[in-house]
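Content type CSV, C-alpha atoms, from the file work-v1.csv:
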```csv
chain,number,residue,atom,x,y,z
A,3,MET,CA,2.0,3.0,12.6
A,4,ALA,CA,2.4,0.3,15.2
A,5,LEU,CA,-1.4,-0.3,15.2
A,6,LEU,CA,-1.5,-0.5,11.4
A,7,VAL,CA,1.3,-3.1,11.5
A,8,ARG,CA,-0.6,-5.2,14.0
A,9,VAL,CA,-3.8,-5.1,12.0
A,10,CYS,CA,-2.1,-5.8,8.6
A,11,SER,CA,0.1,-8.6,10.0
A,12,SER,CA,-3.0,-10.2,11.7
A,13,VAL,CA,-4.7,-10.3,8.3
A,14,VAL,CA,-1.7,-12.0,6.8
A,15,TYR,CA,-1.6,-14.4,9.7
A,16,VAL,CA,-5.3,-15.4,9.1
A,17,LEU,CA,-4.5,-15.9,5.4
A,18,CYS,CA,-1.7,-18.3,6.5
A,19,TRP,CA,-4.1,-20.5,8.5
A,20,PRO,CA,-4.1,-23.3,5.8
A,21,LEU,CA,-0.3,-23.5,6.3
A,22,LEU,CA,-0.7,-23.5,10.0
A,23,LEU,CA,-3.3,-26.3,9.8
A,24,MET,CA,-1.1,-28.3,7.5
A,25,HIS,CA,1.7,-28.3,10.2
A,26,ALA,CA,-0.9,-29.0,13.0
A,27,VAL,CA,-2.2,-32.2,11.3
A,28,GLY,CA,1.3,-33.5,10.6
A,29,LEU,CA,1.6,-32.6,7.0
A,30,GLY,CA,4.7,-30.5,7.9
A,31,ARG,CA,6.7,-33.7,7.3
A,32,VAL,CA,5.6,-33.6,3.7
A,33,TYR,CA,6.7,-30.0,3.5
A,34,LYS,CA,10.1,-30.9,5.0
A,35,ARG,CA,10.6,-33.4,2.1
A,36,LEU,CA,9.6,-30.8,-0.5
A,37,PHE,CA,11.5,-27.9,0.8
A,38,PRO,CA,15.0,-29.1,-0.3
A,39,PHE,CA,13.6,-29.3,-3.9
A,40,CYS,CA,12.3,-25.7,-3.7
A,41,LEU,CA,15.5,-24.4,-2.0
A,42,CYS,CA,17.7,-26.0,-4.7
A,43,HIS,CA,16.1,-23.6,-7.3
A,44,ILE,CA,16.0,-20.6,-4.9
A,45,SER,CA,19.7,-21.2,-3.9
A,46,ALA,CA,20.8,-21.4,-7.6
A,47,MET,CA,19.1,-18.0,-8.3
A,48,TYR,CA,20.6,-16.5,-5.1
A,49,LYS,CA,24.1,-17.7,-6.0
A,50,GLY,CA,23.9,-16.2,-9.4
A,51,LYS,CA,22.9,-12.8,-8.0
A,52,MET,CA,25.4,-12.9,-5.1
A,53,TYR,CA,28.3,-14.7,-6.8
A,54,ASP,CA,30.8,-11.9,-6.6
A,55,ARG,CA,29.8,-11.1,-3.0
A,56,LYS,CA,30.4,-14.7,-2.0
A,57,LYS,CA,33.6,-15.0,-3.9
A,58,GLU,CA,34.9,-11.9,-2.2
A,59,LEU,CA,33.8,-13.1,1.3
A,60,PHE,CA,35.4,-16.6,1.0
A,61,ARG,CA,38.6,-15.3,-0.5
A,62,SER,CA,39.8,-14.8,3.1
A,63,LEU,CA,39.3,-18.4,4.2
A,64,PRO,CA,42.9,-19.5,3.7
A,65,GLU,CA,44.1,-17.0,6.2
A,66,PHE,CA,42.6,-19.1,9.0
A,67,ASN,CA,44.6,-22.3,8.2
A,68,ASN,CA,47.4,-22.1,10.7
A,69,ARG,CA,47.8,-25.7,11.5
A,70,GLY,CA,49.9,-26.7,8.5
A,71,GLY,CA,47.3,-29.2,7.4
A,72,LYS,CA,43.9,-29.1,5.8
A,73,LEU,CA,41.6,-26.1,6.5
A,74,THR,CA,38.6,-27.6,8.4
A,75,ILE,CA,35.3,-25.9,7.6
A,76,LEU,CA,32.0,-26.6,9.4
A,77,GLU,CA,29.0,-25.3,7.5
A,78,ILE,CA,25.8,-24.7,9.5
A,79,GLY,CA,22.6,-25.2,7.5
A,80,CYS,CA,24.5,-26.3,4.5
A,81,GLY,CA,21.3,-26.9,2.5
A,82,THR,CA,22.1,-28.0,-1.1
A,83,GLY,CA,25.8,-27.2,-0.8
A,84,THR,CA,25.9,-24.1,-3.0
A,85,ASN,CA,28.9,-22.6,-1.1
A,86,PHE,CA,31.2,-25.6,-1.8
A,87,GLU,CA,32.6,-24.1,-5.0
A,88,PHE,CA,33.9,-21.1,-3.2
A,89,TYR,CA,36.0,-23.1,-0.7
A,90,PRO,CA,39.8,-23.4,-1.3
A,91,PRO,CA,41.1,-26.8,-2.7
A,92,GLY,CA,42.0,-29.4,-0.1
A,93,CYS,CA,39.6,-28.2,2.6
A,94,LYS,CA,37.8,-30.7,4.8
A,95,VAL,CA,34.1,-29.8,5.0
A,96,ILE,CA,31.7,-30.9,7.8
A,97,CYS,CA,28.1,-30.4,6.7
A,98,THR,CA,25.3,-29.9,9.1
A,99,ASP,CA,21.6,-29.2,8.6
A,100,PRO,CA,18.4,-30.1,10.6
A,101,ASN,CA,16.7,-31.4,7.5
A,102,PRO,CA,17.9,-34.9,6.5
A,103,HIS,CA,16.2,-34.6,3.1
A,104,PHE,CA,19.0,-32.4,1.8
A,105,GLN,CA,21.2,-35.5,1.5
A,106,LYS,CA,20.5,-36.1,-2.2
A,107,TYR,CA,21.3,-32.6,-3.2
A,108,LEU,CA,24.4,-32.5,-1.0
A,109,ASP,CA,25.7,-35.7,-2.7
A,110,LYS,CA,25.3,-34.0,-6.1
A,111,SER,CA,27.2,-30.9,-4.9
A,112,MET,CA,29.9,-33.0,-3.4
A,113,SER,CA,30.4,-34.9,-6.7
A,114,GLU,CA,30.6,-31.6,-8.6
A,115,ASN,CA,33.2,-30.2,-6.1
A,116,GLU,CA,35.9,-32.8,-6.0
A,117,HIS,CA,38.5,-30.3,-4.9
A,118,LEU,CA,37.2,-30.7,-1.3
A,119,THR,CA,37.2,-33.5,1.2
A,120,TYR,CA,33.9,-34.2,3.0
A,121,ASP,CA,33.6,-35.4,6.5
A,122,GLY,CA,30.0,-36.5,6.4
A,123,PHE,CA,26.6,-34.9,6.8
A,124,VAL,CA,25.5,-34.3,10.4
A,125,VAL,CA,21.7,-33.9,10.9
A,126,ALA,CA,21.8,-31.2,13.6
A,127,SER,CA,20.5,-27.7,14.2
A,128,GLY,CA,22.8,-24.7,14.8
A,129,GLU,CA,21.8,-24.6,18.4
A,130,ASP,CA,22.9,-28.2,19.2
A,131,MET,CA,26.0,-29.4,17.5
A,132,GLY,CA,27.1,-31.7,20.3
A,133,SER,CA,28.6,-34.3,17.9
A,134,VAL,CA,31.3,-31.7,16.9
A,135,ALA,CA,34.1,-31.5,19.4
A,136,ASP,CA,35.2,-28.3,21.2
A,137,GLY,CA,37.8,-26.2,19.3
A,138,SER,CA,37.9,-28.7,16.4
A,139,VAL,CA,37.3,-26.5,13.3
A,140,ASP,CA,39.2,-23.6,11.8
A,141,VAL,CA,36.1,-21.9,10.2
A,142,VAL,CA,32.4,-22.0,10.6
A,143,VAL,CA,30.3,-20.8,7.7
A,144,CYS,CA,26.7,-19.7,7.9
A,145,THR,CA,24.8,-18.1,5.0
A,146,LEU,CA,21.1,-17.4,5.1
A,147,VAL,CA,20.7,-19.5,8.2
A,148,LEU,CA,20.5,-17.1,11.2
A,149,CYS,CA,17.2,-15.9,9.9
A,150,SER,CA,15.6,-19.2,10.6
A,151,VAL,CA,17.3,-20.7,13.7
A,152,ASN,CA,15.2,-20.8,16.8
A,153,ASN,CA,17.8,-19.1,19.0
A,154,ILE,CA,20.6,-16.9,17.4
A,155,GLN,CA,22.5,-16.5,20.7
A,156,GLN,CA,22.7,-20.3,21.3
A,157,THR,CA,23.8,-20.8,17.7
A,158,LEU,CA,26.6,-18.3,18.2
A,159,ASN,CA,27.5,-19.9,21.5
A,160,GLU,CA,27.8,-23.3,19.7
A,161,THR,CA,29.9,-21.6,16.9
A,162,HIS,CA,32.2,-20.2,19.5
A,163,ARG,CA,32.6,-23.6,21.2
A,164,VAL,CA,33.5,-25.6,18.1
A,165,LEU,CA,36.0,-22.9,16.7
A,166,ARG,CA,39.6,-23.2,17.7
A,167,PRO,CA,41.2,-20.1,19.2
A,168,GLY,CA,41.9,-17.7,16.3
A,169,GLY,CA,39.3,-19.5,14.1
A,170,ALA,CA,36.6,-17.5,12.3
A,171,PHE,CA,32.9,-17.4,11.7
A,172,PHE,CA,31.9,-16.4,8.2
A,173,PHE,CA,28.4,-15.1,7.6
A,174,LEU,CA,26.1,-13.7,4.9
A,175,GLU,CA,22.6,-12.9,6.1
A,176,HIS,CA,19.6,-10.8,5.2
A,177,VAL,CA,18.5,-8.5,8.0
A,178,ALA,CA,15.8,-6.1,9.1
A,179,ALA,CA,15.5,-2.7,7.5
A,180,ASP,CA,15.6,0.6,9.4
A,181,ALA,CA,12.5,1.0,11.5
A,182,SER,CA,11.6,4.3,9.8
A,183,THR,CA,11.3,2.7,6.4
A,184,TRP,CA,8.4,1.2,4.4
A,185,THR,CA,10.5,-1.8,3.9
A,186,HIS,CA,10.6,-2.5,7.6
A,187,PHE,CA,6.8,-2.0,7.7
A,188,PHE,CA,6.2,-4.7,5.0
A,189,GLN,CA,8.8,-7.0,6.7
A,190,GLN,CA,6.7,-6.9,9.8
A,191,VAL,CA,3.4,-7.3,8.0
A,192,LEU,CA,4.5,-10.2,5.8
A,193,GLN,CA,6.6,-12.0,8.5
A,194,PRO,CA,3.9,-14.7,9.1
A,195,ALA,CA,3.9,-15.7,5.4
A,196,PHE,CA,7.7,-15.8,5.3
A,197,PHE,CA,7.8,-18.0,8.4
A,198,TYR,CA,5.4,-20.7,7.0
A,199,LEU,CA,6.5,-20.6,3.4
A,200,PHE,CA,10.3,-20.5,3.9
A,201,ASP,CA,10.8,-23.0,6.8
A,202,GLY,CA,10.9,-20.6,9.7
A,203,CYS,CA,12.5,-17.6,7.9
A,204,ASN,CA,12.4,-14.3,9.9
A,205,VAL,CA,12.9,-11.1,7.9
A,206,THR,CA,12.7,-8.8,11.0
A,207,ARG,CA,15.9,-9.8,12.8
A,208,SER,CA,18.7,-7.3,13.6
A,209,THR,CA,21.2,-10.1,13.4
A,210,TRP,CA,24.3,-7.8,13.5
A,211,LYS,CA,23.5,-6.9,17.1
A,212,HIS,CA,23.8,-10.5,18.2
A,213,LEU,CA,27.1,-10.9,16.4
A,214,GLU,CA,28.5,-7.8,17.9
A,215,ALA,CA,27.5,-9.0,21.4
A,216,ALA,CA,28.7,-12.6,21.0
A,217,GLY,CA,32.1,-12.3,22.5
A,218,PHE,CA,34.3,-12.5,19.4
A,219,SER,CA,37.7,-10.9,19.7
A,220,GLU,CA,37.2,-9.1,16.3
A,221,VAL,CA,34.1,-8.6,14.1
A,222,LYS,CA,34.5,-7.4,10.5
A,223,LEU,CA,30.9,-6.7,9.4
A,224,ARG,CA,29.5,-4.6,6.5
A,225,HIS,CA,25.9,-3.7,5.7
A,226,ILE,CA,25.2,-4.1,2.0
A,227,GLU,CA,22.3,-4.0,-0.5
A,228,ALA,CA,21.8,-7.1,-2.5
A,229,PRO,CA,20.2,-7.2,-6.0
A,230,LEU,CA,17.2,-9.0,-4.6
A,231,PHE,CA,13.5,-8.6,-3.7
A,232,PHE,CA,13.2,-5.5,-1.5
A,233,LEU,CA,12.2,-7.4,1.6
A,234,ILE,CA,15.5,-9.3,1.7
A,235,LYS,CA,17.6,-6.7,0.0
A,236,LEU,CA,19.5,-5.6,3.1
A,237,HIS,CA,22.3,-8.0,4.1
A,238,ILE,CA,25.2,-8.2,6.5
A,239,VAL,CA,28.5,-9.8,5.4
A,240,GLY,CA,31.8,-10.5,7.0
A,241,TYR,CA,33.5,-12.7,9.6
A,242,ALA,CA,34.2,-12.7,13.3
A,243,VAL,CA,37.3,-14.1,14.9
A,244,LYS,CA,37.3,-16.1,18.1
```

Please go through the file and, once you have read it, give me the structure as structure tokens.
Amino acid sequence: MALLVRVCSSVVYVLCWPLLLMHAVGLGRVYKRLFPFCLCHISAMYKGKMYDRKKELFRSLPEFNNRGGKLTILEIGCGTGTNFEFYPPGCKVICTDPNPHFQKYLDKSMSENEHLTYDGFVVASGEDMGSVADGSVDVVVCTLVLCSVNNIQQTLNETHRVLRPGGAFFFLEHVAADASTWTHFFQQVLQPAFFYLFDGCNVTRSTWKHLEAAGFSEVKLRHIEAPLFFLIKLHIVGYAVK
């Protein structure tokens, strides 16, 4: 089976050569400009299918406001801002994303969610949020982002750093299927296509293992099946407390 995976994934990789060449000659910058437009439509579809799951997850957010003031939320990889409507009224939201071209879509989401206060848009990756002070936020939110960061462990280290003691990291991520399944086989075979088409997305990550080893005092994590395409059907959802 391992040999078959290597052969099939090599074929897919060869078919992805036009995308690789596009990045090599500098056209990746064009893709970065187009990706927010594509993600805007994908995110709307995803939110529709996962609305109840997101609503249930973010229902626990107010529990982590123990300062007597506004709940401060930092969202890593905020994208087009599709999570904003689930945040409690009066929250202060800090938006981060490595792609500056999301600004237009974020502005639209912000205008549609006036129950929140926004503390700007920081162009930064999850691995390097140096502009955010240590222990300065109550909650960090990360949905469909850990699949595409370059370094999950460093992203979780940064999350741990910016959270105040007792703060929480909320997550919703698609993950790898069990190694004995055909889903896992196709995840491995089609991984090169996902990487180039979806801005570095990796469908073969066992993200829950990183979360469980990240040094949080408590991890509430569930494995669920989402009503989505079989390659990204398996998800983890929950939160981890610093």

>> When you count all atoms listed in the file, which of these residues is closest to Phe60 of chain A: A:Ser133, A:Thr145, A:Thr82, A:Thr157?
In response: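 Under the stated criterion, the closest residue is A:Thr145.
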
> Quick one: of A:Gly202, A:Pro167, A:Pro91, A:Gly83, who's nearest to Gly30 of chain A, counting all atoms listed in the file?
Replying inline: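 Using all atoms listed in the file, Gly30 of chain A sits closest to A:Gly202.
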
> atom CA of Thr161 of chain A and atom CA of Ala46 of chain A are how many Å apart?
Replying inline: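 Between atom CA of Thr161 of chain A and atom CA of Ala46 of chain A the gap is 26.1 Å.
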
> Leu41 of chain A: which residues within 9 Å, counting all atoms listed in the file, same-chain residues fewer than 3 positions away excluded, as a list in words?
Replying inline: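 These residues fall inside the cut-off: Leu36, Phe37, Pro38, Ile44, Ser45, Ala46, Gly81, Thr82 and Phe200 of chain A.
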
Please list as a JSON list (two decimals) with C-alpha atoms, keeping the file's coordinate frame every residue within 9 Å of Val151 of chain A, counting only C-alpha atoms and excluding residues in the same chain fewer than 2 positions away.
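Result written to around-v4.json:
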```json
[["chain", "number", "residue", "atom", "x", "y", "z"],
["A", 127, "SER", "CA", 20.50, -27.70, 14.20],
["A", 128, "GLY", "CA", 22.80, -24.70, 14.80],
["A", 129, "GLU", "CA", 21.80, -24.60, 18.40],
["A", 147, "VAL", "CA", 20.70, -19.50, 8.20],
["A", 148, "LEU", "CA", 20.50, -17.10, 11.20],
["A", 149, "CYS", "CA", 17.20, -15.90, 9.90],
["A", 153, "ASN", "CA", 17.80, -19.10, 19.00],
["A", 154, "ILE", "CA", 20.60, -16.90, 17.40],
["A", 157, "THR", "CA", 23.80, -20.80, 17.70],
["A", 202, "GLY", "CA", 10.90, -20.60, 9.70],
["A", 203, "CYS", "CA", 12.50, -17.60, 7.90],
["A", 204, "ASN", "CA", 12.40, -14.30, 9.90]]
```

>> Give me, as a PyMOL selection string, all polymer residues having an atom no more than 8 Å from segment 206-215 of chain A, counting all atoms listed in the file and skipping those fewer than 4 positions away in the same chain.
In response: chain A and resi 148-149+154-155+158+175+177-179+186+189-190+193+221+223+238+242

Selection: 8 Å around segment 4-17 of chain A, all atoms listed in the file, excl. self and same-chain fewer than 6 positions, as a compact mmCIF listing (two decimals) with C-alpha atoms, in the coordinates of the input:
```
# COMPACT_ATOMS: atom_id res chain seq x y z
CA PHE A 187 6.80 -2.00 7.70
CA GLN A 190 6.70 -6.90 9.80
CA VAL A 191 3.40 -7.30 8.00
CA LEU A 192 4.50 -10.20 5.80
CA GLN A 193 6.60 -12.00 8.50
CA PRO A 194 3.90 -14.70 9.10
CA ALA A 195 3.90 -15.70 5.40
```

>> Which residue is closest to Leu73 of chain A? Choose from A:Met24, A:Val32, A:Ala135, A:Ala170 and count all atoms listed in the file.
In response: A:Ala170

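Pairwise distance (atom CA of Gly28 of chain A, atom CA of Asp99 of chain A) equals 20.8 Å.
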
>> Neighbouring residues of Phe172 of chain A were defined as those with any atom within 9 Å, considering only C-alpha atoms; residues of the same chain fewer than 5 positions away were excluded. Please report them as JSON, numbers by chain.
In response: {"A": [59, 60, 63, 141, 142, 143, 144, 145, 239, 240, 241, 242, 243]}

> For the atom pair atom CA of Glu65 of chain A and atom CA of Gly168 of chain A, what is the interatomic distance in Å to one decimal place?
Replying inline: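 Answer for the atom CA of Glu65 of chain A to atom CA of Gly168 of chain A separation: 10.4 Å.
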
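Shortest atom-to-atom contact with Tyr120 of chain A among A:Leu23, A:Ile226, A:Val134, A:Leu76: A:Leu76, counting only C-alpha atoms.
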
What would the list of residues within 12 Å of (22.0, -18.0, -6.3) (file frame) look like as a short mmCIF file (atom, residue, chain, number, x, y, z; two decimals) with C-alpha atoms, in the coordinates of the input, if only C-alpha atoms are what count?
```cif
data_model
loop_
_atom_site.label_atom_id
_atom_site.label_comp_id
_atom_site.auth_asym_id
_atom_site.auth_seq_id
_atom_site.Cartn_x
_atom_site.Cartn_y
_atom_site.Cartn_z
CA LEU A 41 15.50 -24.40 -2.00
CA CYS A 42 17.70 -26.00 -4.70
CA HIS A 43 16.10 -23.60 -7.30
CA ILE A 44 16.00 -20.60 -4.90
CA SER A 45 19.70 -21.20 -3.90
CA ALA A 46 20.80 -21.40 -7.60
CA MET A 47 19.10 -18.00 -8.30
CA TYR A 48 20.60 -16.50 -5.10
CA LYS A 49 24.10 -17.70 -6.00
CA GLY A 50 23.90 -16.20 -9.40
CA LYS A 51 22.90 -12.80 -8.00
CA MET A 52 25.40 -12.90 -5.10
CA TYR A 53 28.30 -14.70 -6.80
CA ASP A 54 30.80 -11.90 -6.60
CA ARG A 55 29.80 -11.10 -3.00
CA LYS A 56 30.40 -14.70 -2.00
CA THR A 82 22.10 -28.00 -1.10
CA GLY A 83 25.80 -27.20 -0.80
CA THR A 84 25.90 -24.10 -3.00
CA ASN A 85 28.90 -22.60 -1.10
CA THR A 145 24.80 -18.10 5.00
CA LEU A 146 21.10 -17.40 5.10
CA ALA A 228 21.80 -7.10 -2.50
CA PRO A 229 20.20 -7.20 -6.00
CA LEU A 230 17.20 -9.00 -4.60
#
```

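Nearest-residue note for Trp184 of chain A: choosing from A:Val164, A:Ala26, A:Leu233, A:Val139, the minimum distance belongs to A:Leu233, counting only C-alpha atoms.
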